[in-house]
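Structure file start30.pdb (PDB, C-alpha atoms and all ligand atoms) is printed below.
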MODEL        1
ATOM      1  CA  MET S 131      23.389 -17.985  -9.492
ATOM      2  CA  ILE S 132      25.940 -20.364 -11.029
ATOM      3  CA  GLU S 133      23.167 -22.889 -11.725
ATOM      4  CA  LYS S 134      21.187 -20.150 -13.471
ATOM      5  CA  ALA S 135      24.229 -19.203 -15.582
ATOM      6  CA  VAL S 136      24.815 -22.824 -16.574
ATOM      7  CA  SER S 137      21.192 -23.377 -17.554
ATOM      8  CA  SER S 138      21.116 -20.091 -19.517
ATOM      9  CA  TYR S 139      24.297 -21.194 -21.321
ATOM     10  CA  LYS S 140      22.731 -24.571 -22.158
ATOM     11  CA  GLU S 141      19.458 -23.033 -23.318
ATOM     12  CA  ASN S 142      20.663 -19.934 -25.190
ATOM     13  CA  GLY S 143      24.372 -20.377 -25.881
ATOM     14  CA  LEU S 144      27.521 -18.505 -24.927
ATOM     15  CA  SER S 145      26.827 -15.250 -26.781
ATOM     16  CA  HIS S 146      23.534 -14.786 -24.899
ATOM     17  CA  LEU S 147      25.278 -15.448 -21.586
ATOM     18  CA  VAL S 148      28.008 -12.915 -22.367
ATOM     19  CA  ALA S 149      25.460 -10.316 -23.496
ATOM     20  CA  LYS S 150      23.021 -10.647 -20.596
ATOM     21  CA  GLY S 151      25.228 -11.955 -17.769
ATOM     22  CA  PRO S 152      26.934  -8.729 -16.596
ATOM     23  CA  ARG S 153      23.662  -6.787 -16.429
ATOM     24  CA  TYR S 154      21.990  -9.632 -14.502
ATOM     25  CA  LEU S 155      24.919  -9.740 -12.062
ATOM     26  CA  LEU S 156      24.797  -5.975 -11.551
ATOM     27  CA  ASN S 157      21.044  -6.071 -10.854
ATOM     28  CA  GLN S 158      21.505  -8.881  -8.351
ATOM     29  CA  MET S 159      24.249  -6.967  -6.561
ATOM     30  CA  LEU S 160      22.178  -3.777  -6.503
ATOM     31  CA  SER S 161      19.130  -5.494  -5.050
ATOM     32  CA  MET S 162      21.313  -7.166  -2.404
ATOM     33  CA  LEU S 163      22.807  -3.792  -1.557
ATOM     34  CA  VAL S 164      19.412  -2.087  -1.328
ATOM     35  CA  SER S 165      18.144  -4.733   1.081
ATOM     36  CA  LEU S 166      20.995  -4.104   3.539
ATOM     37  CA  PRO S 167      19.644  -2.497   6.739
ATOM     38  CA  ILE S 168      22.238   0.294   6.615
ATOM     39  CA  ILE S 169      21.177   1.257   3.077
ATOM     40  CA  ASP S 170      17.510   1.176   4.068
ATOM     41  CA  HIS S 171      18.394   3.391   7.014
ATOM     42  CA  ILE S 172      20.041   5.935   4.706
ATOM     43  CA  PHE S 173      17.059   5.884   2.319
ATOM     44  CA  PHE S 174      14.674   6.392   5.243
ATOM     45  CA  TRP S 175      16.743   9.251   6.623
ATOM     46  CA  TYR S 176      16.908  10.912   3.196
ATOM     47  CA  SER S 177      13.166  10.438   2.584
ATOM     48  CA  THR S 178      12.045  11.739   5.970
ATOM     49  CA  ARG S 179      14.304  14.821   5.725
ATOM     50  CA  ASP S 180      12.603  15.654   2.441
ATOM     51  CA  LEU S 181       9.128  14.902   3.766
ATOM     52  CA  GLU S 182       9.586  16.889   6.957
ATOM     53  CA  GLY S 183      10.481  19.981   4.932
ATOM     54  CA  ARG S 184       7.343  19.583   2.847
ATOM     55  CA  MET S 185       5.053  18.892   5.816
ATOM     56  CA  LYS S 186       6.290  22.090   7.487
ATOM     57  CA  GLU S 187       5.187  24.080   4.432
ATOM     58  CA  GLU S 188       1.775  22.423   3.874
ATOM     59  CA  GLN S 189      -1.098  24.830   4.606
ATOM     60  CA  ASN S 190      -4.039  23.161   2.885
ATOM     61  CA  LEU S 191      -5.207  20.142   0.893
ATOM     62  CA  SER S 192      -3.772  21.477  -2.332
ATOM     63  CA  ASP S 193      -0.313  21.672  -0.728
ATOM     64  CA  ILE S 194      -0.711  18.115   0.587
ATOM     65  CA  LEU S 195      -1.542  16.891  -2.911
ATOM     66  CA  ASP S 196       1.383  18.860  -4.296
ATOM     67  CA  THR S 197       3.590  16.840  -1.945
ATOM     68  CA  THR S 198       2.272  13.467  -3.077
ATOM     69  CA  GLY S 199       1.301  14.071  -6.700
ATOM     70  CA  THR S 200      -1.016  11.329  -7.876
ATOM     71  CA  TYR S 201      -0.629   8.325 -10.125
ATOM     72  CA  PHE S 202      -2.422  10.166 -12.933
ATOM     73  CA  ASP S 203      -0.644  13.471 -12.289
ATOM     74  CA  PRO S 204       2.777  12.297 -11.166
ATOM     75  CA  GLN S 205       4.394  15.704 -10.581
ATOM     76  CA  GLY S 206       4.573  15.274  -6.804
ATOM     77  CA  GLU S 207       7.228  17.302  -5.021
ATOM     78  CA  TYR S 208       8.196  14.638  -2.492
ATOM     79  CA  ARG S 209      11.554  13.041  -3.269
ATOM     80  CA  GLY S 210      11.989   9.777  -1.431
ATOM     81  CA  ALA S 211      14.368   6.892  -1.975
ATOM     82  CA  GLY S 212      14.401   3.096  -1.853
ATOM     83  CA  ALA S 213      11.221   1.600  -0.349
ATOM     84  CA  TYR S 214      10.047   5.164   0.447
ATOM     85  CA  LYS S 215      10.487   6.526  -3.059
ATOM     86  CA  SER S 216       6.899   7.530  -3.779
ATOM     87  CA  LEU S 217       3.787   8.602  -1.916
ATOM     88  CA  GLN S 218       1.504   8.829  -4.923
ATOM     89  CA  PRO S 219      -2.098   7.786  -4.302
ATOM     90  CA  ILE S 220      -3.499   5.727  -7.179
ATOM     91  CA  GLN S 221      -6.196   8.304  -7.866
ATOM     92  CA  THR S 222      -6.939  11.362  -9.923
ATOM     93  CA  ARG S 223      -6.327  14.588  -8.065
ATOM     94  CA  GLU S 224      -9.967  15.560  -8.474
ATOM     95  CA  GLU S 225     -11.451  12.412  -6.940
ATOM     96  CA  ILE S 226      -9.044  12.179  -3.998
ATOM     97  CA  SER S 227      -9.414  15.832  -3.123
ATOM     98  CA  GLU S 228     -13.223  15.601  -3.169
ATOM     99  CA  MET S 229     -13.104  12.401  -1.093
ATOM    100  CA  ALA S 230     -10.777  14.032   1.431
ATOM    101  CA  GLU S 231     -13.073  17.082   1.714
ATOM    102  CA  ARG S 232     -16.130  14.881   2.294
ATOM    103  CA  ALA S 233     -14.295  12.786   4.860
ATOM    104  CA  LYS S 234     -13.068  15.878   6.681
ATOM    105  CA  SER S 235     -16.523  17.434   6.865
ATOM    106  CA  ASN S 236     -17.784  14.260   8.561
ATOM    107  CA  GLN S 237     -15.213  14.878  11.349
ATOM    108  CA  PRO S 238     -14.019  11.296  11.748
ATOM    109  CA  SER S 239     -12.119  10.233  14.789
ATOM    110  CA  THR S 240     -11.365   6.671  13.694
ATOM    111  CA  VAL S 241     -10.358   5.938  10.119
ATOM    112  CA  ILE S 242      -9.676   2.600   8.454
ATOM    113  CA  GLU S 243      -8.401   2.094   4.958
ATOM    114  CA  ILE S 244      -8.277  -1.245   3.217
ATOM    115  CA  GLY S 245      -5.519  -1.116   0.607
ATOM    116  CA  SER S 246      -2.682   1.289   1.351
ATOM    117  CA  ALA S 247      -0.083   0.476  -1.342
ATOM    118  CA  LYS S 248       2.619   3.166  -1.195
ATOM    119  CA  GLY S 249       0.814   5.155   1.495
ATOM    120  CA  GLY S 250      -0.593   7.964  -0.659
ATOM    121  CA  THR S 251      -4.120   7.925   0.726
ATOM    122  CA  ALA S 252      -2.881   7.197   4.281
ATOM    123  CA  TYR S 253      -0.691  10.288   3.994
ATOM    124  CA  ILE S 254      -3.665  12.422   2.924
ATOM    125  CA  TRP S 255      -5.872  11.156   5.769
ATOM    126  CA  SER S 256      -3.038  11.746   8.240
ATOM    127  CA  ARG S 257      -2.309  15.246   7.041
ATOM    128  CA  TYR S 258      -5.812  16.510   6.259
ATOM    129  CA  LEU S 259      -8.323  14.843   8.592
ATOM    130  CA  ASP S 260      -7.606  16.964  11.618
ATOM    131  CA  THR S 261     -10.206  15.294  13.869
ATOM    132  CA  ALA S 262      -8.768  11.827  13.175
ATOM    133  CA  GLU S 263      -6.983  10.320  16.144
ATOM    134  CA  THR S 264      -6.528   6.762  14.967
ATOM    135  CA  ILE S 265      -5.797   5.587  11.434
ATOM    136  CA  LEU S 266      -5.654   1.875  10.745
ATOM    137  CA  CYS S 267      -4.150   0.805   7.427
ATOM    138  CA  LEU S 268      -4.703  -2.698   6.126
ATOM    139  CA  ASP S 269      -2.697  -4.229   3.320
ATOM    140  CA  MET S 270      -1.507  -7.661   2.248
ATOM    141  CA  ASN S 271       2.037  -6.315   2.096
ATOM    142  CA  PHE S 272       3.569  -3.047   3.226
ATOM    143  CA  ASN S 273       6.972  -3.986   1.758
ATOM    144  CA  GLY S 274       8.751  -2.526   4.763
ATOM    145  CA  ARG S 275       7.183   0.925   4.381
ATOM    146  CA  GLU S 276       5.441   0.968   7.784
ATOM    147  CA  LYS S 277       8.224   3.168   9.198
ATOM    148  CA  LEU S 278       7.307   5.947   6.784
ATOM    149  CA  PHE S 279       3.600   5.662   7.683
ATOM    150  CA  ASP S 280       4.577   5.942  11.364
ATOM    151  CA  TYR S 281       6.715   8.939  10.598
ATOM    152  CA  PHE S 282       4.156  11.062   8.764
ATOM    153  CA  ALA S 283       1.282  10.075  11.047
ATOM    154  CA  SER S 284       3.097  10.841  14.270
ATOM    155  CA  TYR S 285       4.359  14.129  12.817
ATOM    156  CA  SER S 286       0.650  14.916  12.260
ATOM    157  CA  GLY S 287      -0.303  13.897  15.820
ATOM    158  CA  LYS S 288      -2.105  10.701  14.837
ATOM    159  CA  GLN S 289      -1.822   7.171  16.012
ATOM    160  CA  ILE S 290      -1.360   4.858  13.053
ATOM    161  CA  PHE S 291      -1.489   1.072  12.856
ATOM    162  CA  CYS S 292      -0.273  -0.814   9.806
ATOM    163  CA  LEU S 293      -1.868  -4.220   9.836
ATOM    164  CA  GLU S 294      -0.461  -6.655   7.306
ATOM    165  CA  GLY S 295      -2.837  -9.389   6.178
ATOM    166  CA  ASN S 296      -5.815 -10.276   4.055
ATOM    167  CA  SER S 297      -8.755  -8.032   4.951
ATOM    168  CA  HIS S 298     -11.113 -10.980   4.375
ATOM    169  CA  ALA S 299      -9.502 -13.206   6.960
ATOM    170  CA  ASP S 300     -11.281 -13.550  10.303
ATOM    171  CA  ARG S 301      -7.883 -13.245  11.963
ATOM    172  CA  THR S 302      -7.431  -9.780  10.414
ATOM    173  CA  LYS S 303     -10.880  -8.631  11.443
ATOM    174  CA  ASN S 304     -10.304  -9.895  14.994
ATOM    175  CA  ARG S 305      -7.081  -7.923  15.136
ATOM    176  CA  VAL S 306      -8.895  -4.808  13.860
ATOM    177  CA  GLU S 307     -11.453  -5.201  16.648
ATOM    178  CA  GLU S 308      -8.677  -5.602  19.202
ATOM    179  CA  ILE S 309      -6.991  -2.416  17.985
ATOM    180  CA  LEU S 310     -10.277  -0.495  17.972
ATOM    181  CA  SER S 311     -11.046  -1.784  21.494
ATOM    182  CA  GLY S 312     -14.673  -0.717  21.302
ATOM    183  CA  GLU S 313     -14.234   2.456  19.215
ATOM    184  CA  GLN S 314     -16.359   2.613  16.084
ATOM    185  CA  ILE S 315     -15.134   3.423  12.589
ATOM    186  CA  ASP S 316     -16.212   6.857  11.336
ATOM    187  CA  PHE S 317     -14.612   6.685   7.919
ATOM    188  CA  LEU S 318     -13.900   3.449   6.083
ATOM    189  CA  TYR S 319     -12.038   3.634   2.794
ATOM    190  CA  ILE S 320     -12.220   0.480   0.651
ATOM    191  CA  ASP S 321      -9.470   0.246  -1.992
ATOM    192  CA  GLY S 322      -8.055  -3.269  -1.628
ATOM    193  CA  ASP S 323      -9.265  -6.347  -3.503
ATOM    194  CA  HIS S 324     -11.289  -4.951  -6.438
ATOM    195  CA  SER S 325     -13.158  -8.145  -7.327
ATOM    196  CA  TYR S 326     -16.949  -8.253  -6.828
ATOM    197  CA  GLN S 327     -16.613 -10.718  -3.960
ATOM    198  CA  GLY S 328     -13.634  -8.801  -2.566
ATOM    199  CA  VAL S 329     -15.381  -5.429  -2.160
ATOM    200  CA  LYS S 330     -18.584  -7.118  -1.012
ATOM    201  CA  SER S 331     -16.687  -8.958   1.733
ATOM    202  CA  ASP S 332     -14.866  -5.793   2.815
ATOM    203  CA  PHE S 333     -18.166  -3.922   2.993
ATOM    204  CA  GLU S 334     -20.030  -6.664   4.829
ATOM    205  CA  MET S 335     -17.237  -7.502   7.244
ATOM    206  CA  TYR S 336     -16.331  -3.964   8.318
ATOM    207  CA  LYS S 337     -19.608  -2.064   8.061
ATOM    208  CA  PRO S 338     -20.899  -3.566  11.323
ATOM    209  CA  LEU S 339     -17.947  -1.887  13.068
ATOM    210  CA  MET S 340     -19.049   1.576  11.920
ATOM    211  CA  SER S 341     -20.706   4.420  13.767
ATOM    212  CA  ASN S 342     -24.246   5.385  12.717
ATOM    213  CA  GLU S 343     -23.092   8.571  11.052
ATOM    214  CA  GLY S 344     -20.090   6.898   9.430
ATOM    215  CA  ILE S 345     -19.233   7.135   5.754
ATOM    216  CA  ILE S 346     -17.606   4.656   3.405
ATOM    217  CA  GLY S 347     -15.477   5.610   0.425
ATOM    218  CA  MET S 348     -15.065   2.958  -2.234
ATOM    219  CA  HIS S 349     -12.642   3.436  -5.061
ATOM    220  CA  ASP S 350     -13.235   2.446  -8.682
ATOM    221  CA  VAL S 351     -17.021   2.198  -8.686
ATOM    222  CA  GLU S 352     -16.943   2.987 -12.418
ATOM    223  CA  ASN S 353     -13.886   0.964 -13.307
ATOM    224  CA  GLN S 354     -15.268  -1.686 -15.642
ATOM    225  CA  ASN S 355     -12.044  -3.681 -15.422
ATOM    226  CA  THR S 356     -12.962  -4.550 -11.849
ATOM    227  CA  GLY S 357     -15.902  -6.118 -10.026
ATOM    228  CA  VAL S 358     -16.573  -2.906  -8.070
ATOM    229  CA  PRO S 359     -19.300  -1.430 -10.384
ATOM    230  CA  GLU S 360     -21.435  -4.562  -9.993
ATOM    231  CA  PHE S 361     -21.349  -4.360  -6.204
ATOM    232  CA  TRP S 362     -21.816  -0.590  -6.319
ATOM    233  CA  SER S 363     -25.081  -0.950  -8.232
ATOM    234  CA  GLU S 364     -26.344  -3.233  -5.437
ATOM    235  CA  LEU S 365     -25.360  -0.649  -2.815
ATOM    236  CA  GLU S 366     -27.212   2.068  -4.728
ATOM    237  CA  GLN S 367     -30.465   0.122  -4.239
ATOM    238  CA  GLU S 368     -30.038   0.087  -0.474
ATOM    239  CA  TYR S 369     -28.029   3.098   0.699
ATOM    240  CA  ASP S 370     -27.626   6.811   0.241
ATOM    241  CA  CYS S 371     -24.895   6.688  -2.396
ATOM    242  CA  GLU S 372     -23.084   9.318  -4.400
ATOM    243  CA  LYS S 373     -20.329   9.244  -6.998
ATOM    244  CA  ILE S 374     -17.478  11.697  -6.677
ATOM    245  CA  PRO S 375     -16.822  13.219  -9.054
ATOM    246  CA  GLN S 376     -20.006  12.513 -10.985
ATOM    247  CA  GLU S 377     -18.032  11.347 -13.998
ATOM    248  CA  GLY S 378     -14.351  10.897 -14.346
ATOM    249  CA  GLU S 379     -11.514   9.574 -16.383
ATOM    250  CA  SER S 380     -10.328   7.308 -13.614
ATOM    251  CA  GLY S 381     -12.463   4.836 -11.693
ATOM    252  CA  VAL S 382     -14.509   7.394  -9.709
ATOM    253  CA  THR S 383     -14.944   7.074  -5.966
ATOM    254  CA  GLY S 384     -18.258   6.013  -4.447
ATOM    255  CA  LEU S 385     -19.452   7.507  -1.189
ATOM    256  CA  VAL S 386     -21.896   5.562   0.972
ATOM    257  CA  LYS S 387     -23.639   7.190   3.940
ATOM    258  CA  ILE S 388     -24.546   4.634   6.539
ATOM    259  CA  ASN S 389     -27.069   6.744   8.509
ATOM    260  CA  GLU S 390     -28.558   3.951  10.597
ATOM    261  CA  SER S 391     -30.752   4.881  13.526
TER     262      SER S 391
HETATM  263  C1  LIG Z   1      -5.120   0.211  -5.451
HETATM  264  S1  LIG Z   1      -3.984  -0.192  -4.215
HETATM  265  C2  LIG Z   1      -4.371   0.936  -2.917
HETATM  266  C3  LIG Z   1      -4.016   2.331  -3.246
HETATM  267  C4  LIG Z   1      -4.032   3.325  -2.118
HETATM  268  N1  LIG Z   1      -5.330   3.385  -1.465
HETATM  269  C5  LIG Z   1      -3.681   4.693  -2.655
HETATM  270  O1  LIG Z   1      -4.413   5.213  -3.515
HETATM  271  O2  LIG Z   1      -2.675   5.249  -2.210
HETATM  272  C6  LIG Z   1      -4.617  -1.714  -3.629
HETATM  273  C7  LIG Z   1      -3.851  -2.286  -2.446
HETATM  274  O3  LIG Z   1      -4.712  -3.236  -1.830
HETATM  275  C8  LIG Z   1      -3.971  -4.314  -1.360
HETATM  276  N2  LIG Z   1      -4.891  -5.471  -1.256
HETATM  277  C9  LIG Z   1      -5.475  -6.162  -2.265
HETATM  278  N3  LIG Z   1      -6.283  -7.131  -1.779
HETATM  279  C10 LIG Z   1      -6.226  -7.017  -0.417
HETATM  280  C11 LIG Z   1      -6.822  -7.724   0.644
HETATM  281  N4  LIG Z   1      -7.698  -8.726   0.433
HETATM  282  N5  LIG Z   1      -6.499  -7.370   1.915
HETATM  283  C12 LIG Z   1      -5.651  -6.358   2.157
HETATM  284  N6  LIG Z   1      -5.067  -5.640   1.181
HETATM  285  C13 LIG Z   1      -5.341  -5.951  -0.082
HETATM  286  C14 LIG Z   1      -2.839  -4.488  -2.374
HETATM  287  O4  LIG Z   1      -1.728  -5.098  -1.750
HETATM  288  C15 LIG Z   1      -2.570  -3.048  -2.804
HETATM  289  O5  LIG Z   1      -1.490  -2.492  -2.091
ENDMDL
END
Just give me the structure as structure tokens.
Amino acid sequence: MIEKAVSSYKENGLSHLVAKGPRYLLNQMLSMLVSLPIIDHIFFWYSTRDLEGRMKEEQNLSDILDTTGTYFDPQGEYRGAGAYKSLQPIQTREEISEMAERAKSNQPSTVIEIGSAKGGTAYIWSRYLDTAETILCLDMNFNGREKLFDYFASYSGKQIFCLEGNSHADRTKNRVEEILSGEQIDFLYIDGDHSYQGVKSDFEMYKPLMSNEGIIGMHDVENQNTGVPEFWSELEQEYDCEKIPQEGESGVTGLVKINES
């Protein structure tokens, strides 16, 4: 920190150091404080008390989405703190609710999502997919939020696994197979690496682990800032594919029915 102060002084002068230094120091102290286990424990306690109250009241999908809010409609009721501050899925309310309805009607027992971020979609699967017994969440980095995933999934009677790693690594896939121990995936939700090669790899690596009647949700099939639309147009040539909703302001979710006999 002292080295940083000296180099800032040399580069920008004393007045800059005096103006910016105290705020920098305060931020450093705050982030050190927040990373203390006791503080994390308090944040977790506070967040789960709030969430438990909301889960007790949830009767239907609309209530579940009222708890989380969404990235594009951020008025969620859940009030968390620290690492557990938000449960917003990065979705429009319309697309995630339609996806959740479709997934539910397929009665999945085993669910895998690639790309969990803050846990918004994992929360919805846990709370709404009543036939789901196992939910496996894959992400490069859970940032210490696994405890919250465990909390809401076990409250909902599900077994949840948070697997940290690159979905494209053989090591990750091997670990997925170990966790599944012979069970097949009924619902696969792909929302991780949005490059063309990234979604293609996720699809090709994990589809062979799916049941014949399984379905795959793929986020952002219309998001032209990503490589997903290009791969989606290839899937449309080969599979029974549908966009939900048909058109949307966000990226639109693609639904692929495997239906292999
Ligand atoms: C768009 S966010 C997921 C949002 C989440 N499904 C939701 O709506 O609540 C994408 C996530 O994918 C993760 N990710 C990106 N590439 C990945 C990869 N190759 N393997 C695993 N996770 C990945 C990122 O860390 C990020 O948290």
So that each row is one residue of chain S with an atom at most 8 Å from ligand LIG 1 (chain Z), can you give its shortest atom pair and the distance in Å to one decimal, using all atoms listed in the file, rows by chain and rising number, as CSV?
residue,atom,partner,partner_atom,distance
S:Leu217,CA,Z:LIG1,O2,7.3
S:Gln218,CA,Z:LIG1,O2,6.1
S:Pro219,CA,Z:LIG1,O2,3.3
S:Ile220,CA,Z:LIG1,O1,3.8
S:Gln221,CA,Z:LIG1,O1,5.6
S:Glu243,CA,Z:LIG1,N1,7.2
S:Ile244,CA,Z:LIG1,N6,5.8
S:Gly245,CA,Z:LIG1,O3,3.3
S:Ser246,CA,Z:LIG1,C4,4.2
S:Ala247,CA,Z:LIG1,O5,3.4
S:Lys248,CA,Z:LIG1,O2,5.8
S:Gly249,CA,Z:LIG1,O2,5.1
S:Gly250,CA,Z:LIG1,O2,3.8
S:Thr251,CA,Z:LIG1,O2,4.2
S:Ala252,CA,Z:LIG1,O2,6.8
S:Leu268,CA,Z:LIG1,C12,5.5
S:Asp269,CA,Z:LIG1,N6,3.5
S:Met270,CA,Z:LIG1,N6,4.2
S:Asn271,CA,Z:LIG1,O4,5.5
S:Phe272,CA,Z:LIG1,O5,7.4
S:Glu294,CA,Z:LIG1,C12,7.3
S:Gly295,CA,Z:LIG1,C12,5.8
S:Asn296,CA,Z:LIG1,N5,3.7
S:Ser297,CA,Z:LIG1,N5,3.8
S:His298,CA,Z:LIG1,N4,5.7
S:Tyr319,CA,Z:LIG1,N1,7.9
S:Ile320,CA,Z:LIG1,N1,7.8
S:Asp321,CA,Z:LIG1,N1,5.2
S:Gly322,CA,Z:LIG1,O3,3.3
S:Asp323,CA,Z:LIG1,N3,3.5
S:His324,CA,Z:LIG1,N3,7.2
S:Gly328,CA,Z:LIG1,N4,6.7
Using all atoms listed in the file, the shortest atom-to-atom distance to Lys373 of chain S among S:Glu225, S:Leu266, S:Phe291, S:Met159 belongs to S:Glu225
Point to revise | Expected answer as a ChimeraX atom specification: all residues with atoms within 12 Å of (-10.3, 9.1, -10.1), only C-alpha atoms | key: /S:200-203,219-229,348-353,373-384
Write a file of the selected residues as a PDB file, in the coordinates of the input, keeping C-alpha atoms.
ATOM      1  CA  THR S 200      -1.016  11.329  -7.876  1.00  0.00           C
ATOM      2  CA  TYR S 201      -0.629   8.325 -10.125  1.00  0.00           C
ATOM      3  CA  PHE S 202      -2.422  10.166 -12.933  1.00  0.00           C
ATOM      4  CA  ASP S 203      -0.644  13.471 -12.289  1.00  0.00           C
ATOM      5  CA  PRO S 219      -2.098   7.786  -4.302  1.00  0.00           C
ATOM      6  CA  ILE S 220      -3.499   5.727  -7.179  1.00  0.00           C
ATOM      7  CA  GLN S 221      -6.196   8.304  -7.866  1.00  0.00           C
ATOM      8  CA  THR S 222      -6.939  11.362  -9.923  1.00  0.00           C
ATOM      9  CA  ARG S 223      -6.327  14.588  -8.065  1.00  0.00           C
ATOM     10  CA  GLU S 224      -9.967  15.560  -8.474  1.00  0.00           C
ATOM     11  CA  GLU S 225     -11.451  12.412  -6.940  1.00  0.00           C
ATOM     12  CA  ILE S 226      -9.044  12.179  -3.998  1.00  0.00           C
ATOM     13  CA  SER S 227      -9.414  15.832  -3.123  1.00  0.00           C
ATOM     14  CA  GLU S 228     -13.223  15.601  -3.169  1.00  0.00           C
ATOM     15  CA  MET S 229     -13.104  12.401  -1.093  1.00  0.00           C
ATOM     16  CA  MET S 348     -15.065   2.958  -2.234  1.00  0.00           C
ATOM     17  CA  HIS S 349     -12.642   3.436  -5.061  1.00  0.00           C
ATOM     18  CA  ASP S 350     -13.235   2.446  -8.682  1.00  0.00           C
ATOM     19  CA  VAL S 351     -17.021   2.198  -8.686  1.00  0.00           C
ATOM     20  CA  GLU S 352     -16.943   2.987 -12.418  1.00  0.00           C
ATOM     21  CA  ASN S 353     -13.886   0.964 -13.307  1.00  0.00           C
ATOM     22  CA  LYS S 373     -20.329   9.244  -6.998  1.00  0.00           C
ATOM     23  CA  ILE S 374     -17.478  11.697  -6.677  1.00  0.00           C
ATOM     24  CA  PRO S 375     -16.822  13.219  -9.054  1.00  0.00           C
ATOM     25  CA  GLN S 376     -20.006  12.513 -10.985  1.00  0.00           C
ATOM     26  CA  GLU S 377     -18.032  11.347 -13.998  1.00  0.00           C
ATOM     27  CA  GLY S 378     -14.351  10.897 -14.346  1.00  0.00           C
ATOM     28  CA  GLU S 379     -11.514   9.574 -16.383  1.00  0.00           C
ATOM     29  CA  SER S 380     -10.328   7.308 -13.614  1.00  0.00           C
ATOM     30  CA  GLY S 381     -12.463   4.836 -11.693  1.00  0.00           C
ATOM     31  CA  VAL S 382     -14.509   7.394  -9.709  1.00  0.00           C
ATOM     32  CA  THR S 383     -14.944   7.074  -5.966  1.00  0.00           C
ATOM     33  CA  GLY S 384     -18.258   6.013  -4.447  1.00  0.00           C
TER      34      GLY S 384
END
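Compared by their closest atoms to Lys303 of chain S, and using only C-alpha atoms, the residues S:Phe173, S:Tyr214, S:Trp255, S:Tyr336 rank with S:Tyr336 nearest.
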List as a PDB file with C-alpha atoms, in the coordinates of the input the protein and nucleic acid residues near Tyr258 of chain S, meaning an atom at most 8 Å away when all atoms listed in the file are counted, but skip any in the same chain fewer than 6 places from it.
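Wrote selection32.pdb, looks like this:
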ATOM      1  CA  ASN S 190      -4.039  23.161   2.885  1.00  0.00           C
ATOM      2  CA  LEU S 191      -5.207  20.142   0.893  1.00  0.00           C
ATOM      3  CA  ILE S 194      -0.711  18.115   0.587  1.00  0.00           C
ATOM      4  CA  ALA S 230     -10.777  14.032   1.431  1.00  0.00           C
ATOM      5  CA  LYS S 234     -13.068  15.878   6.681  1.00  0.00           C
TER       6      LYS S 234
END
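Counting from atom CA of Glu182 of chain S, the distance to atom CA of Arg232 of chain S is 26.2 Å.
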Kindly reconstruct segment 262-271 of chain S with N, CA, C and O atoms and present the result as a PDB file, in the coordinates of the input.
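Final output, saved to selection28.pdb:
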ATOM      1  N   ALA S 262      -9.119  13.255  13.085  1.00  0.00           N
ATOM      2  CA  ALA S 262      -8.768  11.827  13.175  1.00  0.00           C
ATOM      3  C   ALA S 262      -7.698  11.607  14.241  1.00  0.00           C
ATOM      4  O   ALA S 262      -6.683  12.307  14.272  1.00  0.00           O
ATOM      5  N   GLU S 263      -7.978  10.650  15.109  1.00  0.00           N
ATOM      6  CA  GLU S 263      -6.983  10.320  16.144  1.00  0.00           C
ATOM      7  C   GLU S 263      -6.289   9.018  15.814  1.00  0.00           C
ATOM      8  O   GLU S 263      -5.106   8.855  16.053  1.00  0.00           O
ATOM      9  N   THR S 264      -7.090   8.080  15.281  1.00  0.00           N
ATOM     10  CA  THR S 264      -6.528   6.762  14.967  1.00  0.00           C
ATOM     11  C   THR S 264      -6.750   6.449  13.496  1.00  0.00           C
ATOM     12  O   THR S 264      -7.861   6.589  12.977  1.00  0.00           O
ATOM     13  N   ILE S 265      -5.699   6.012  12.841  1.00  0.00           N
ATOM     14  CA  ILE S 265      -5.797   5.587  11.434  1.00  0.00           C
ATOM     15  C   ILE S 265      -5.248   4.173  11.355  1.00  0.00           C
ATOM     16  O   ILE S 265      -4.124   3.907  11.791  1.00  0.00           O
ATOM     17  N   LEU S 266      -6.084   3.275  10.854  1.00  0.00           N
ATOM     18  CA  LEU S 266      -5.654   1.875  10.745  1.00  0.00           C
ATOM     19  C   LEU S 266      -5.547   1.523   9.263  1.00  0.00           C
ATOM     20  O   LEU S 266      -6.528   1.650   8.522  1.00  0.00           O
ATOM     21  N   CYS S 267      -4.377   1.138   8.835  1.00  0.00           N
ATOM     22  CA  CYS S 267      -4.150   0.805   7.427  1.00  0.00           C
ATOM     23  C   CYS S 267      -3.996  -0.704   7.293  1.00  0.00           C
ATOM     24  O   CYS S 267      -3.198  -1.311   8.011  1.00  0.00           O
ATOM     25  N   LEU S 268      -4.751  -1.253   6.360  1.00  0.00           N
ATOM     26  CA  LEU S 268      -4.703  -2.698   6.126  1.00  0.00           C
ATOM     27  C   LEU S 268      -4.140  -2.968   4.743  1.00  0.00           C
ATOM     28  O   LEU S 268      -4.609  -2.380   3.765  1.00  0.00           O
ATOM     29  N   ASP S 269      -3.171  -3.839   4.653  1.00  0.00           N
ATOM     30  CA  ASP S 269      -2.697  -4.229   3.320  1.00  0.00           C
ATOM     31  C   ASP S 269      -2.089  -5.628   3.414  1.00  0.00           C
ATOM     32  O   ASP S 269      -1.601  -6.035   4.464  1.00  0.00           O
ATOM     33  N   MET S 270      -2.125  -6.329   2.299  1.00  0.00           N
ATOM     34  CA  MET S 270      -1.507  -7.661   2.248  1.00  0.00           C
ATOM     35  C   MET S 270      -0.007  -7.558   2.491  1.00  0.00           C
ATOM     36  O   MET S 270       0.600  -8.462   3.019  1.00  0.00           O
ATOM     37  N   ASN S 271       0.582  -6.431   2.019  1.00  0.00           N
ATOM     38  CA  ASN S 271       2.037  -6.315   2.096  1.00  0.00           C
ATOM     39  C   ASN S 271       2.454  -4.850   2.097  1.00  0.00           C
ATOM     40  O   ASN S 271       2.174  -4.130   1.146  1.00  0.00           O
TER      41      ASN S 271
END
